[in-house]
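Participant: Provided herewith is a single structure, encoded as structure tokens, for subsequent inquiry.
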Amino acid sequence: AQSVSQHNHHVILSEAASLELGCNYSYGGTVNLFWYVQYPGQHLQLLLKYFSGDPLVKGIKGFEAEFIKSKFSFNLRKPSVQWSDTAEYFCAVNPMDTGRRALTFGSGTRLQVQP
Amino acid sequence: NAGVTQTPKFQVLKTGQSMTLQCAQDMNHEYMSWYRQDPGMGLRLIHYSVGAGITDQGEVPNGYNVSRSTTEDFPLRLLSAAPSQTSVYFCASRLDSFSGNTIYFGEGSWLTVV
């Protein structure tokens with residue numbers, strides 16, 4: 001079965017530090033890739049998504065992610081984090097050539113940004 | 001336009017009780033789904049529906065039932081609650097089955113089974 005791995009479970013950064021959160025998936029075919037964010041007390045929101053084309057995807061709030069097919073990775077980056085980025089981040093994958101039609105989520109990475 | 005609405009937000013059940021988590025969306029979305037979120041495990045798909053009258057199982061369907069009699073509503077039923085079902089439940093909807101469309105999540109339902 002396909003899986004999504006987020007190896008960083010809890011990341012603590014100071015404001016203005018750069019961020020990179022890892023995401024690896026196990027499916028070998030064509031995939032759609034997503035990053036969702038969950039701010040404290042709120043529901044999940046889409047940060048960015050990749051379908052095809054340019055492997056560097058830009059999302060909201062200065063986030064970007066790079067799809068590296070050879071590494072089965074879709075890492076999330078931000079050059080300079082803010083205190084308001086404190087949240088939990090989830091990577092999600094959907095294979096394109098199955099009938100599942102549903103996302104498989106990683107276990108999440110909790111980001112804590114200290115002022 | 002309310003988006004995805006879940007009720008109740010908080011619920012405490014005794015082991016063996018049954019209950020229904022309600023989910024409604026007003027965006028005329030064909031695709032609806034239920035996830036549970038547990039610490040360290042991310043979100044896991046319980047059941048999903050690609051349209052009225054059509055439902056299917058996700059990763060963790062045991063102990064849960066769903067139905068989709070209308071496009072708008074997708075209730076999740078716990079048949080006989082167990083402590084292992086203590087979790088946060090999210091309903092989500094999407095325009096259709098194309099996974100590239102944005103998923104909209106409800107605000108979550110916190111369920112504790114004692």
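Convention: chains lettered A, B, ... in structure tokens order; per-chain residue numbering from 1; ligands numbered from 1 as shown.
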Which chain B residues are at most 12 Å from chain A (counting only C-alpha atoms), as a ChimeraX atom specification?
Facilitator: /B:4-6,9,31-50,55-59,88-94,96-110
Participant: Quick one: pick out all strand (DSSP E) residues within chain B from a backbone DSSP run and write them as a ChimeraX atom specification.
Facilitator: /B:4-7,10-13,19-25,31-38,42-51,54-57,64-66,76-78,87-94,104-105,109-113
Participant: What is the distance between CA of Leu76 in chain A and CA of Asp54 in chain A, in Å to one decimal?
Facilitator: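 Interatomic distance, CA of Leu76 in chain A to CA of Asp54 in chain A: 15.0 Å.
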Participant: Quick one, how far is CA of Leu21 in chain B from CA of Pro75 in chain B?
Facilitator: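 Answer for the CA of Leu21 in chain B to CA of Pro75 in chain B separation: 5.7 Å.
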Participant: For range 65-69 of chain B, please output as JSON, numbers by chain all residues within 6 Å (counting only C-alpha atoms; exclusion window: fewer than 2 positions along the same chain).
Facilitator: {"B": [52, 53, 74, 75, 76, 77]}
Participant: Which value, in Å to one decimal, gives the distance between CA of Ser3 in chain A and CA of Gly63 in chain B?
Facilitator: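 Computing it gives 23.0 Å between the two atoms.
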Participant: Given only C-alpha atoms as the basis, pick out the residue of B:Gln25, B:Thr20, B:Thr71, B:Thr112 nearest to Ser84 in chain B.
Facilitator: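 Nearest candidate to Ser84 in chain B out of B:Gln25, B:Thr20, B:Thr71, B:Thr112: B:Thr112.
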Participant: Would you return as JSON, numbers by chain the members of chain A that DSSP assigns to helix (DSSP H, G or I) on this structure's backbone?
Facilitator: {"A": [60, 61, 62, 69, 70, 71, 83, 84, 85]}
Participant: Grab the residues selected above and save them as a PDB file, in the first residue's frame with all heavy atoms.
Facilitator:
```pdb
ATOM      1  N   ILE A  60       0.525  29.706  -0.888  1.00  0.00           N
ATOM      2  CA  ILE A  60       0.176  30.912  -0.151  1.00  0.00           C
ATOM      3  C   ILE A  60       1.208  31.189   0.938  1.00  0.00           C
ATOM      4  O   ILE A  60       1.981  30.299   1.329  1.00  0.00           O
ATOM      5  CB  ILE A  60      -1.225  30.787   0.479  1.00  0.00           C
ATOM      6  CG1 ILE A  60      -1.269  29.611   1.463  1.00  0.00           C
ATOM      7  CG2 ILE A  60      -2.282  30.624  -0.599  1.00  0.00           C
ATOM      8  CD1 ILE A  60      -2.554  29.531   2.265  1.00  0.00           C
ATOM      9  N   LYS A  61       1.238  32.415   1.406  1.00  0.00           N
ATOM     10  CA  LYS A  61       2.032  32.839   2.563  1.00  0.00           C
ATOM     11  C   LYS A  61       3.527  32.584   2.381  1.00  0.00           C
ATOM     12  O   LYS A  61       4.244  32.374   3.362  1.00  0.00           O
ATOM     13  CB  LYS A  61       1.523  32.157   3.839  1.00  0.00           C
ATOM     14  CG  LYS A  61       0.050  32.454   4.096  1.00  0.00           C
ATOM     15  CD  LYS A  61      -0.439  31.905   5.407  1.00  0.00           C
ATOM     16  CE  LYS A  61      -1.905  32.224   5.575  1.00  0.00           C
ATOM     17  NZ  LYS A  61      -2.435  31.808   6.879  1.00  0.00           N
ATOM     18  N   GLY A  62       4.011  32.610   1.152  1.00  0.00           N
ATOM     19  CA  GLY A  62       5.432  32.483   0.901  1.00  0.00           C
ATOM     20  C   GLY A  62       5.988  31.075   0.897  1.00  0.00           C
ATOM     21  O   GLY A  62       7.199  30.880   0.806  1.00  0.00           O
ATOM     22  N   LYS A  69      10.916  13.793  -8.643  1.00  0.00           N
ATOM     23  CA  LYS A  69      10.338  12.489  -8.964  1.00  0.00           C
ATOM     24  C   LYS A  69      11.307  11.351  -8.643  1.00  0.00           C
ATOM     25  O   LYS A  69      10.905  10.316  -8.122  1.00  0.00           O
ATOM     26  CB  LYS A  69       9.942  12.435 -10.445  1.00  0.00           C
ATOM     27  CG  LYS A  69       9.137  11.213 -10.827  1.00  0.00           C
ATOM     28  CD  LYS A  69       8.657  11.308 -12.258  1.00  0.00           C
ATOM     29  CE  LYS A  69       7.814  10.090 -12.621  1.00  0.00           C
ATOM     30  NZ  LYS A  69       7.302  10.155 -14.005  1.00  0.00           N
ATOM     31  N   SER A  70      12.575  11.552  -8.932  1.00  0.00           N
ATOM     32  CA  SER A  70      13.555  10.487  -8.725  1.00  0.00           C
ATOM     33  C   SER A  70      13.732  10.144  -7.255  1.00  0.00           C
ATOM     34  O   SER A  70      14.152   9.039  -6.913  1.00  0.00           O
ATOM     35  CB  SER A  70      14.911  10.894  -9.320  1.00  0.00           C
ATOM     36  OG  SER A  70      15.390  12.058  -8.696  1.00  0.00           O
ATOM     37  N   LYS A  71      13.404  11.086  -6.389  1.00  0.00           N
ATOM     38  CA  LYS A  71      13.535  10.860  -4.952  1.00  0.00           C
ATOM     39  C   LYS A  71      12.190  10.616  -4.288  1.00  0.00           C
ATOM     40  O   LYS A  71      12.125  10.468  -3.065  1.00  0.00           O
ATOM     41  CB  LYS A  71      14.220  12.057  -4.287  1.00  0.00           C
ATOM     42  CG  LYS A  71      15.660  12.273  -4.726  1.00  0.00           C
ATOM     43  CD  LYS A  71      16.295  13.407  -3.946  1.00  0.00           C
ATOM     44  CE  LYS A  71      17.760  13.591  -4.345  1.00  0.00           C
ATOM     45  NZ  LYS A  71      18.403  14.689  -3.588  1.00  0.00           N
ATOM     46  N   TRP A  83       6.280  33.953  13.317  1.00  0.00           N
ATOM     47  CA  TRP A  83       5.607  33.340  14.453  1.00  0.00           C
ATOM     48  C   TRP A  83       4.240  32.784  14.036  1.00  0.00           C
ATOM     49  O   TRP A  83       3.797  31.735  14.500  1.00  0.00           O
ATOM     50  CB  TRP A  83       5.456  34.373  15.568  1.00  0.00           C
ATOM     51  CG  TRP A  83       4.725  33.862  16.759  1.00  0.00           C
ATOM     52  CD1 TRP A  83       5.213  33.075  17.761  1.00  0.00           C
ATOM     53  CD2 TRP A  83       3.353  34.103  17.066  1.00  0.00           C
ATOM     54  NE1 TRP A  83       4.228  32.814  18.677  1.00  0.00           N
ATOM     55  CE2 TRP A  83       3.074  33.427  18.284  1.00  0.00           C
ATOM     56  CE3 TRP A  83       2.333  34.823  16.444  1.00  0.00           C
ATOM     57  CZ2 TRP A  83       1.823  33.454  18.886  1.00  0.00           C
ATOM     58  CZ3 TRP A  83       1.082  34.850  17.044  1.00  0.00           C
ATOM     59  CH2 TRP A  83       0.840  34.170  18.246  1.00  0.00           C
ATOM     60  N   SER A  84       3.575  33.465  13.115  1.00  0.00           N
ATOM     61  CA  SER A  84       2.246  33.060  12.669  1.00  0.00           C
ATOM     62  C   SER A  84       2.255  31.770  11.839  1.00  0.00           C
ATOM     63  O   SER A  84       1.192  31.234  11.510  1.00  0.00           O
ATOM     64  CB  SER A  84       1.592  34.169  11.848  1.00  0.00           C
ATOM     65  OG  SER A  84       2.404  34.497  10.734  1.00  0.00           O
ATOM     66  N   ASP A  85       3.441  31.276  11.503  1.00  0.00           N
ATOM     67  CA  ASP A  85       3.532  29.996  10.782  1.00  0.00           C
ATOM     68  C   ASP A  85       3.444  28.800  11.724  1.00  0.00           C
ATOM     69  O   ASP A  85       3.443  27.653  11.260  1.00  0.00           O
ATOM     70  CB  ASP A  85       4.836  29.927   9.973  1.00  0.00           C
ATOM     71  CG  ASP A  85       4.883  30.923   8.837  1.00  0.00           C
ATOM     72  OD1 ASP A  85       3.824  31.172   8.217  1.00  0.00           O
ATOM     73  OD2 ASP A  85       5.975  31.468   8.574  1.00  0.00           O
TER      74      ASP A  85
END
```
Participant: Which polymer residues have any atom within 9 Å of an atom of Ile12 in chain A, counting only C-alpha atoms, with same-chain residues fewer than 5 positions away left out, as a PDB file with N, CA, C and O atoms, in the first residue's frame?
Facilitator:
```
ATOM      1  N   ARG A 110       4.715  19.122  13.311  1.00  0.00           N
ATOM      2  CA  ARG A 110       4.322  20.274  14.118  1.00  0.00           C
ATOM      3  C   ARG A 110       5.458  21.285  14.105  1.00  0.00           C
ATOM      4  O   ARG A 110       6.567  20.978  14.523  1.00  0.00           O
ATOM      5  N   LEU A 111       5.170  22.469  13.605  1.00  0.00           N
ATOM      6  CA  LEU A 111       6.160  23.548  13.549  1.00  0.00           C
ATOM      7  C   LEU A 111       5.864  24.561  14.645  1.00  0.00           C
ATOM      8  O   LEU A 111       4.744  25.057  14.746  1.00  0.00           O
ATOM      9  N   GLN A 112       6.880  24.839  15.424  1.00  0.00           N
ATOM     10  CA  GLN A 112       6.771  25.859  16.463  1.00  0.00           C
ATOM     11  C   GLN A 112       7.802  26.939  16.158  1.00  0.00           C
ATOM     12  O   GLN A 112       9.001  26.669  16.095  1.00  0.00           O
ATOM     13  N   VAL A 113       7.321  28.159  15.944  1.00  0.00           N
ATOM     14  CA  VAL A 113       8.216  29.276  15.657  1.00  0.00           C
ATOM     15  C   VAL A 113       8.268  30.173  16.879  1.00  0.00           C
ATOM     16  O   VAL A 113       7.243  30.663  17.359  1.00  0.00           O
ATOM     17  N   GLN A 114       9.487  30.363  17.369  1.00  0.00           N
ATOM     18  CA  GLN A 114       9.668  31.176  18.570  1.00  0.00           C
ATOM     19  C   GLN A 114      10.015  32.606  18.184  1.00  0.00           C
ATOM     20  O   GLN A 114      10.831  32.828  17.295  1.00  0.00           O
TER      21      GLN A 114
END
```
Participant: Can you tell me which residues surround Ser18 in chain B at a distance of at most 7 Å, considering only C-alpha atoms, apart from same-chain residues fewer than 3 positions away, and format the answer as an mmCIF file with N, CA, C and O atoms, in the first residue's frame?
Facilitator:
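The file below, part_34.cif, is the result:
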```
data_model
loop_
_atom_site.group_PDB
_atom_site.id
_atom_site.type_symbol
_atom_site.label_atom_id
_atom_site.label_comp_id
_atom_site.auth_asym_id
_atom_site.auth_seq_id
_atom_site.Cartn_x
_atom_site.Cartn_y
_atom_site.Cartn_z
ATOM 1 N N LEU B 78 -21.424 5.967 14.306
ATOM 2 C CA LEU B 78 -20.675 5.039 15.134
ATOM 3 C C LEU B 78 -21.683 4.058 15.709
ATOM 4 O O LEU B 78 -22.621 4.447 16.408
ATOM 5 N N LEU B 79 -21.501 2.795 15.402
ATOM 6 C CA LEU B 79 -22.529 1.805 15.718
ATOM 7 C C LEU B 79 -22.513 1.435 17.200
ATOM 8 O O LEU B 79 -23.559 1.319 17.828
ATOM 9 N N SER B 80 -21.332 1.227 17.743
ATOM 10 C CA SER B 80 -21.169 0.862 19.144
ATOM 11 C C SER B 80 -19.802 1.411 19.569
ATOM 12 O O SER B 80 -18.785 0.782 19.329
ATOM 13 N N ALA B 81 -19.832 2.603 20.151
ATOM 14 C CA ALA B 81 -18.590 3.341 20.372
ATOM 15 C C ALA B 81 -17.603 2.576 21.246
ATOM 16 O O ALA B 81 -17.989 1.917 22.230
#
```
Participant: Nearest residue to Ser26 in chain A out of A:Gly59, A:Ser14, A:Ser73, A:Pro115, using only C-alpha atoms?
Facilitator: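 Smallest separation from Ser26 in chain A among the options: A:Ser73.
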